[in-house]
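Peer 1: Have a look at this one before I ask anything.
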Amino acid sequence: MIKITVCFSVFWLGSLWGVQSAIATETKAQDIKLEVGILQRLGAAPINKEDPFINQVTINSTSGDSLKVSFPESAKSIPAIETQEVLLKVDSVAIPQPKLVEKLILSDRSTFETAEDSAKSWEKLGIEVEVAQPGRWQVWAKRDVYQTPLVRRWLLHSLEANGYTSPYLSTKVIHKEPQVTVVINDKEYNHDEVEITTNKNLVKVNTTHNPQEARLYGGSLKLQPNAHGEFTLVNHVPLETYLRGVVPYEIGANAPPQAVAAQTIIARTYALRNLRRFATDNYQLCATVHCQVYKGLNEANPISDRAIAKTAGLVLTYDNELIDALYSSTTGGITAAFEDTWNGAERPYLQPVIDAPRPLWNLKQYPLNDERTFRHFISLNQGFNETGRQGVFRWRKTRSITNLNQDLRKYLQKTRHPLADFNTIESMQVHKRSSSGRILTLAIQTDKGKLQLHKNEIRSALQPPRSTLFYLQPIYNDAKQLKSYAFIGGGFGHGVGLSQYGSYNLAKLGWSADRILAFYYPQTKIKPLDDTIVFWRDEPIELSISSK
């Protein structure tokens with residue numbers, strides 16, 4: 001066995017997948033520009049049925065300004081074009097010869113955090129990887145390393161021979177490819193890359209036929225190919241301007257000022273720590289809940305703008321590294337540890353905290369991994385920061401076995417599970433909880449066999465639970481046949497880190513943003529961003545190039 005010890009100590013944002021960027025010696029938040037995919041899969045079929053199909057977008061300048069449109073691939077032959085409006089269309093066109101599109105998918109996960117942890121495990125085997133999000137998060141064998149069908153099959157067969165069952169080939173032959181058409185003043189241009197800048201660094205983006213629905217973005221735009229053979233519209237935007245399009249949507253327009261300030265600091269921290277998420281697509285962040293919700297400047301308001309200005313450049317750190325600044329809507333009365341939700345190394349500052357302004361539960365004496373204790377805790381509803389938040393702090397959801405069968409079958413088909421052809425669920429039982437009460441393992445007995453769902457997979461697989469902080473109550477019909485399950489629990493989201501509703505209450509009680517952050521992220525420090533702070537660090541790992 002050949003072992004190679006590699007130390008990844010990342011100062012700016014480098015990652016296991018070779019993301020590179022540069023920063024001046026003196027790091028200043030106002031100088032940092034982000035690359036945010038605001039339309040990630042232009043022209044592609046929607047991943048979710050409720051999402052609209054978008055294959056064209058209209059881009060306009062603001063009053064008194066104009067757009068400057070350029071084509072990087074043809075910069076020498078086509079000078080920049082000045083106009084007030086650009087139409088970008090993506091159509092599917094036939095290609096002269098069929099093309100094989102193939103990837104070796106090593107693992108399939110519901111979240112980036114767990115996919116990244118899975119990527120590290122593959123790297124320990126000496127396999128070069130990349131993380132992508134074609135819908136669910138996936139770990140791919142790196143395409144520019146495993147370039148040919150023969151090499152990919154050799155690797156797959158080697159893994160199968162050593163007992164690995166999750167890798168598979170995604171293979172399709174395509175007869176059509178997306179093509180970009182840029183329409184400027186009734187003239188059409190066909191280019192894969194399009195850059196759009198303005199003098200005022202403001203641009204309007206509209207995916208509908210209603211001008212009132214246009215979104216205003218700061219910075220500039222670039223249409224570029226992505227890793228899925230499609231196109232992404234990327235917003236190049238200064239960090240502090242980006243926050244103006246995040247904070248109002250994440251914390252809400254009516255939040256108390258100190259809650260807004262706390263949200264601003266963690267939103268800034270989260271963005272800078274997570275710039276590696278879409279490295280394989282050649283941009284950094286998305287604009288959805290898979291990153292942070294970012295909708296441009298339409299809802300920017302004085303309260304959030306003041307918070308951004310007053311906290312300019314401030315980030316939250318642990319051991320001089322940006323923290324994993326995770327947050328959720330509602331914790332249900334107790335925050336979760338990182339490892340309660342995702343696979344990966346423990347974060348010392350992301351540990352269970354009773355979400356109340358005054359002590360009302362001794363977690364060390366009464367941990368919530370005991371089922372009886374947990375049920376008592378979930379019956380409490382007074383004295384918590386989120387008390388009174390109807391439908392999210394405490395909830396009860398009932399779903400029939402028929403509908404649960406549909407939920408689970410759809411999930412198992414997506415994840416290529418061997419029991420995806422089951423007929424019915426016979427029973428479900430909580431097998432293991434964490435000390436924060438989160439379900440770590442849910443055991444499900446089907447007519448075809450038993451399976452287990454772990455951590456955040458539970459929310460992905462079953463529709464009712466708003467969090468993994470719940471217990472199950474079977475419901476039987478008059479013939480004593482299992483008819484449905486009641487899911488009885490609390491919280492909305494993963495529950496790790498700050499509770500947004502909880503921060504509302506603490507701010508109303510007079511807590512400062514500093515105190516709120518210290519409560520939800522113990523042992524952390526607020527610091528001005530400078531060139532000594534590590535954006536993201538990984539521990540040394542051993543790469544073993546051998547069989548299992």
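Identifiers in this document derive from the order of the structure tokens: chains are assigned A, B, ..., residues are numbered from 1 separately in each chain, and ligands are numbered from 1 in order of occurrence.
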Need to verify the contact set: A:Asn369, 10 Å, only C-alpha atoms, exclusion of same-chain residues closer than 6 positions in sequence. Can you return it as a list in words?
Peer 2: Lys432, Arg433, Ser434, Ser435, Ser436, Gly437, Arg438, Ile439 and Leu440 of chain A
Peer 1: Could the residues in this selection be written to a file with C-alpha atoms, as a PDB file, in the first residue's frame?
Peer 2:
ATOM      1  CA  LYS A 432     -31.229   6.075  17.615  1.00  0.00           C
ATOM      2  CA  ARG A 433     -31.307   9.710  18.781  1.00  0.00           C
ATOM      3  CA  SER A 434     -28.592  12.228  19.584  1.00  0.00           C
ATOM      4  CA  SER A 435     -28.371  14.072  22.899  1.00  0.00           C
ATOM      5  CA  SER A 436     -30.173  17.002  21.224  1.00  0.00           C
ATOM      6  CA  GLY A 437     -33.108  14.698  20.431  1.00  0.00           C
ATOM      7  CA  ARG A 438     -32.467  14.607  16.675  1.00  0.00           C
ATOM      8  CA  ILE A 439     -33.124  11.271  15.039  1.00  0.00           C
ATOM      9  CA  LEU A 440     -29.853   9.723  13.901  1.00  0.00           C
TER      10      LEU A 440
END
Peer 1: From a DSSP pass on the backbone, collect the residues of stretch 302-537 of chain A flagged as strand (DSSP E or B) and hand them back as number ranges by chain.
Peer 2: A: 314-318, 321-322, 327-328, 330, 334, 336, 354, 390, 394-400, 425-433, 439-446, 449-454, 470-476, 482-489, 492, 496, 498-499, 525-528, 534
Peer 1: I want to know what sits within 9 Å of A:Ala119, based on only C-alpha atoms, with residues of the same chain fewer than 6 positions away left out; could you give that as JSON, numbers by chain?
Peer 2: {"A": [16, 106, 107, 128, 129, 130, 131, 138, 139, 140]}
Peer 1: Excluding same-chain residues fewer than 6 positions from A:Glu339, what lies within 10 Å of it counting only C-alpha atoms, as number ranges by chain?
Peer 2: A: 114, 345-347, 350-351, 434, 440, 455, 496
Peer 1: For A:Lys89, work out the shell of residues within 9 Å, counting only C-alpha atoms and skipping chain neighbours fewer than 2 positions away, then give it as a ChimeraX atom specification.
Peer 2: /A:42-43,55-58,87,91,179-183
Peer 1: Between A:Pro98, A:Gly135, A:Pro211, A:Pro302, which has the minimum distance to A:Ile59 (counting only C-alpha atoms)?
Peer 2: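 Under the stated criterion, the closest residue is A:Pro211.
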Peer 1: Extract, using only C-alpha atoms, all DNA, RNA and protein residues at most 9 Å from A:Trp511, discarding same-chain residues fewer than 5 positions from it, and format them as a PyMOL selection string.
Peer 2: chain A and resi 258-259+503+505-506+516
Peer 1: Quick one: DSSP helix (DSSP H, G or I) residues in stretch 200-365 of chain A, as a VMD selection string?
Peer 2: chain A and resid 211 to 213 239 to 244 247 to 251 257 to 273 279 to 281 302 to 310 338 to 341
Peer 1: Could you save those same residues with N, CA and C atoms as a compact mmCIF listing (two decimals), in the first residue's frame?
Peer 2:
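File written: result_37.txt
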# COMPACT_ATOMS: atom_id res chain seq x y z
N PRO A 211 -42.67 43.35 -16.67
CA PRO A 211 -41.55 44.22 -16.27
C PRO A 211 -41.50 44.48 -14.76
N GLN A 212 -42.68 44.39 -14.09
CA GLN A 212 -42.72 44.65 -12.66
C GLN A 212 -42.01 43.56 -11.85
N GLU A 213 -41.75 42.42 -12.48
CA GLU A 213 -41.12 41.31 -11.77
C GLU A 213 -39.61 41.25 -11.98
N LEU A 239 -19.05 41.68 -2.06
CA LEU A 239 -19.58 40.98 -0.89
C LEU A 239 -20.63 41.79 -0.15
N GLU A 240 -20.32 43.05 0.15
CA GLU A 240 -21.24 43.85 0.95
C GLU A 240 -22.53 44.17 0.18
N THR A 241 -22.45 44.27 -1.14
CA THR A 241 -23.66 44.44 -1.95
C THR A 241 -24.47 43.16 -1.97
N TYR A 242 -23.80 42.04 -2.07
CA TYR A 242 -24.46 40.74 -2.00
C TYR A 242 -25.29 40.61 -0.73
N LEU A 243 -24.75 41.06 0.39
CA LEU A 243 -25.48 40.96 1.66
C LEU A 243 -26.79 41.74 1.63
N ARG A 244 -26.85 42.80 0.85
CA ARG A 244 -28.09 43.58 0.73
C ARG A 244 -29.19 42.75 0.07
N VAL A 247 -29.70 39.43 3.40
CA VAL A 247 -30.17 39.67 4.77
C VAL A 247 -31.68 39.91 4.85
N PRO A 248 -32.27 40.79 4.00
CA PRO A 248 -33.72 41.01 4.12
C PRO A 248 -34.54 39.76 3.87
N TYR A 249 -34.06 38.89 2.99
CA TYR A 249 -34.82 37.68 2.67
C TYR A 249 -34.62 36.59 3.72
N GLU A 250 -33.45 36.54 4.33
CA GLU A 250 -33.18 35.49 5.30
C GLU A 250 -33.79 35.80 6.67
N ILE A 251 -33.67 37.01 7.14
CA ILE A 251 -34.12 37.32 8.50
C ILE A 251 -35.50 37.96 8.53
N PRO A 257 -33.47 45.15 15.07
CA PRO A 257 -32.15 45.53 14.53
C PRO A 257 -31.00 44.64 14.98
N GLN A 258 -30.96 44.23 16.26
CA GLN A 258 -29.84 43.41 16.72
C GLN A 258 -29.89 42.00 16.15
N ALA A 259 -31.09 41.49 15.88
CA ALA A 259 -31.21 40.21 15.19
C ALA A 259 -30.72 40.33 13.75
N VAL A 260 -31.02 41.45 13.13
CA VAL A 260 -30.56 41.71 11.77
C VAL A 260 -29.03 41.79 11.74
N ALA A 261 -28.46 42.47 12.73
CA ALA A 261 -26.99 42.59 12.79
C ALA A 261 -26.34 41.22 12.97
N ALA A 262 -26.93 40.38 13.83
CA ALA A 262 -26.39 39.03 14.01
C ALA A 262 -26.48 38.23 12.71
N GLN A 263 -27.62 38.32 12.03
CA GLN A 263 -27.79 37.62 10.76
C GLN A 263 -26.77 38.10 9.73
N THR A 264 -26.50 39.38 9.72
CA THR A 264 -25.56 39.96 8.75
C THR A 264 -24.16 39.39 8.95
N ILE A 265 -23.72 39.29 10.18
CA ILE A 265 -22.37 38.78 10.46
C ILE A 265 -22.25 37.32 10.05
N ILE A 266 -23.28 36.52 10.34
CA ILE A 266 -23.16 35.11 9.97
C ILE A 266 -23.39 34.91 8.47
N ALA A 267 -24.19 35.76 7.84
CA ALA A 267 -24.36 35.65 6.38
C ALA A 267 -23.05 35.97 5.66
N ARG A 268 -22.33 36.96 6.15
CA ARG A 268 -21.01 37.30 5.58
C ARG A 268 -20.03 36.14 5.80
N THR A 269 -20.04 35.61 7.00
CA THR A 269 -19.14 34.49 7.33
C THR A 269 -19.47 33.27 6.50
N TYR A 270 -20.76 32.95 6.40
CA TYR A 270 -21.19 31.78 5.64
C TYR A 270 -20.75 31.88 4.18
N ALA A 271 -20.94 33.04 3.58
CA ALA A 271 -20.59 33.21 2.17
C ALA A 271 -19.10 32.97 1.94
N LEU A 272 -18.26 33.57 2.75
CA LEU A 272 -16.82 33.46 2.54
C LEU A 272 -16.30 32.05 2.81
N ARG A 273 -16.90 31.37 3.75
CA ARG A 273 -16.44 30.00 4.05
C ARG A 273 -16.88 29.00 2.97
N ALA A 279 -17.42 24.86 -7.28
CA ALA A 279 -16.14 24.92 -7.99
C ALA A 279 -16.20 24.18 -9.32
N THR A 280 -16.90 23.05 -9.35
CA THR A 280 -16.95 22.26 -10.58
C THR A 280 -17.71 22.97 -11.69
N ASP A 281 -18.55 23.95 -11.33
CA ASP A 281 -19.29 24.75 -12.31
C ASP A 281 -18.62 26.08 -12.60
N PRO A 302 -33.71 50.09 4.90
CA PRO A 302 -32.81 50.85 5.79
C PRO A 302 -32.29 50.03 6.97
N ILE A 303 -33.13 49.15 7.55
CA ILE A 303 -32.68 48.39 8.72
C ILE A 303 -31.54 47.45 8.36
N SER A 304 -31.71 46.68 7.28
CA SER A 304 -30.65 45.75 6.89
C SER A 304 -29.43 46.51 6.35
N ASP A 305 -29.66 47.61 5.63
CA ASP A 305 -28.52 48.39 5.13
C ASP A 305 -27.69 48.97 6.27
N ARG A 306 -28.36 49.43 7.32
CA ARG A 306 -27.62 49.96 8.49
C ARG A 306 -26.82 48.85 9.16
N ALA A 307 -27.43 47.66 9.28
CA ALA A 307 -26.73 46.54 9.90
C ALA A 307 -25.50 46.15 9.09
N ILE A 308 -25.63 46.15 7.77
CA ILE A 308 -24.50 45.81 6.90
C ILE A 308 -23.40 46.85 7.03
N ALA A 309 -23.78 48.12 7.08
CA ALA A 309 -22.78 49.19 7.20
C ALA A 309 -22.08 49.16 8.56
N LYS A 310 -22.86 48.94 9.64
CA LYS A 310 -22.28 48.97 10.98
C LYS A 310 -21.40 47.75 11.27
N PHE A 338 -23.49 19.76 14.82
CA PHE A 338 -23.26 19.56 13.39
C PHE A 338 -23.44 18.10 13.02
N GLU A 339 -22.85 17.21 13.81
CA GLU A 339 -22.87 15.78 13.49
C GLU A 339 -24.23 15.13 13.72
N ASP A 340 -25.18 15.87 14.32
CA ASP A 340 -26.55 15.36 14.44
C ASP A 340 -27.27 15.38 13.10
N THR A 341 -26.77 16.20 12.18
CA THR A 341 -27.45 16.41 10.90
C THR A 341 -26.64 15.91 9.72
Peer 1: Extract, using only C-alpha atoms, all DNA, RNA and protein residues at most 9 Å from A:Arg409, discarding same-chain residues fewer than 5 positions from it, and format them as a ChimeraX atom specification.
Peer 2: /A:404,414,419-423,461
Peer 1: Using the selection just defined, write its residues with N, CA and C atoms as a CSV table (one decimal), in the first residue's frame.
Peer 2:
chain,number,residue,atom,x,y,z
A,404,LEU,N,-47.0,7.8,2.5
A,404,LEU,CA,-45.7,7.6,2.9
A,404,LEU,C,-45.0,6.6,2.0
A,414,LYS,N,-34.6,7.6,-6.4
A,414,LYS,CA,-33.6,8.7,-6.7
A,414,LYS,C,-32.2,8.2,-6.2
A,419,LEU,N,-34.1,-1.6,-2.4
A,419,LEU,CA,-35.5,-1.9,-2.0
A,419,LEU,C,-36.5,-0.9,-2.6
A,420,ALA,N,-36.1,-0.2,-3.6
A,420,ALA,CA,-37.0,0.8,-4.2
A,420,ALA,C,-38.3,0.2,-4.8
A,421,ASP,N,-38.3,-1.1,-5.0
A,421,ASP,CA,-39.5,-1.7,-5.6
A,421,ASP,C,-40.5,-2.3,-4.5
A,422,PHE,N,-40.3,-1.8,-3.2
A,422,PHE,CA,-41.1,-2.3,-2.2
A,422,PHE,C,-42.6,-1.9,-2.4
A,423,ASN,N,-43.5,-2.6,-1.8
A,423,ASN,CA,-44.9,-2.4,-2.0
A,423,ASN,C,-45.5,-1.5,-0.9
A,461,ALA,N,-36.5,12.0,2.6
A,461,ALA,CA,-37.3,10.9,2.1
A,461,ALA,C,-38.8,10.9,2.5
Peer 1: Out of A:Ala336, A:Leu482, A:Leu233, A:Leu380, which residue has the shortest atom-to-atom distance to A:Thr424 when counting only C-alpha atoms?
Peer 2: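 Distance minimum relative to A:Thr424 lands on A:Leu482.
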Peer 1: Of the candidates A:Asn282, A:Asn456, A:Ser166, A:Gln406, which shows the shortest atom-to-atom distance to A:Phe231, using only C-alpha atoms?
Peer 2: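 Under the stated criterion, the closest residue is A:Asn282.
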Peer 1: Rank A:Ala287, A:Ile354, A:Ala337, A:Val194 by their smallest atom-to-atom distance to A:Gly502, using only C-alpha atoms, and report the top residue only.
Peer 2: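 The shortest atom-to-atom distance to A:Gly502 comes from A:Ile354.
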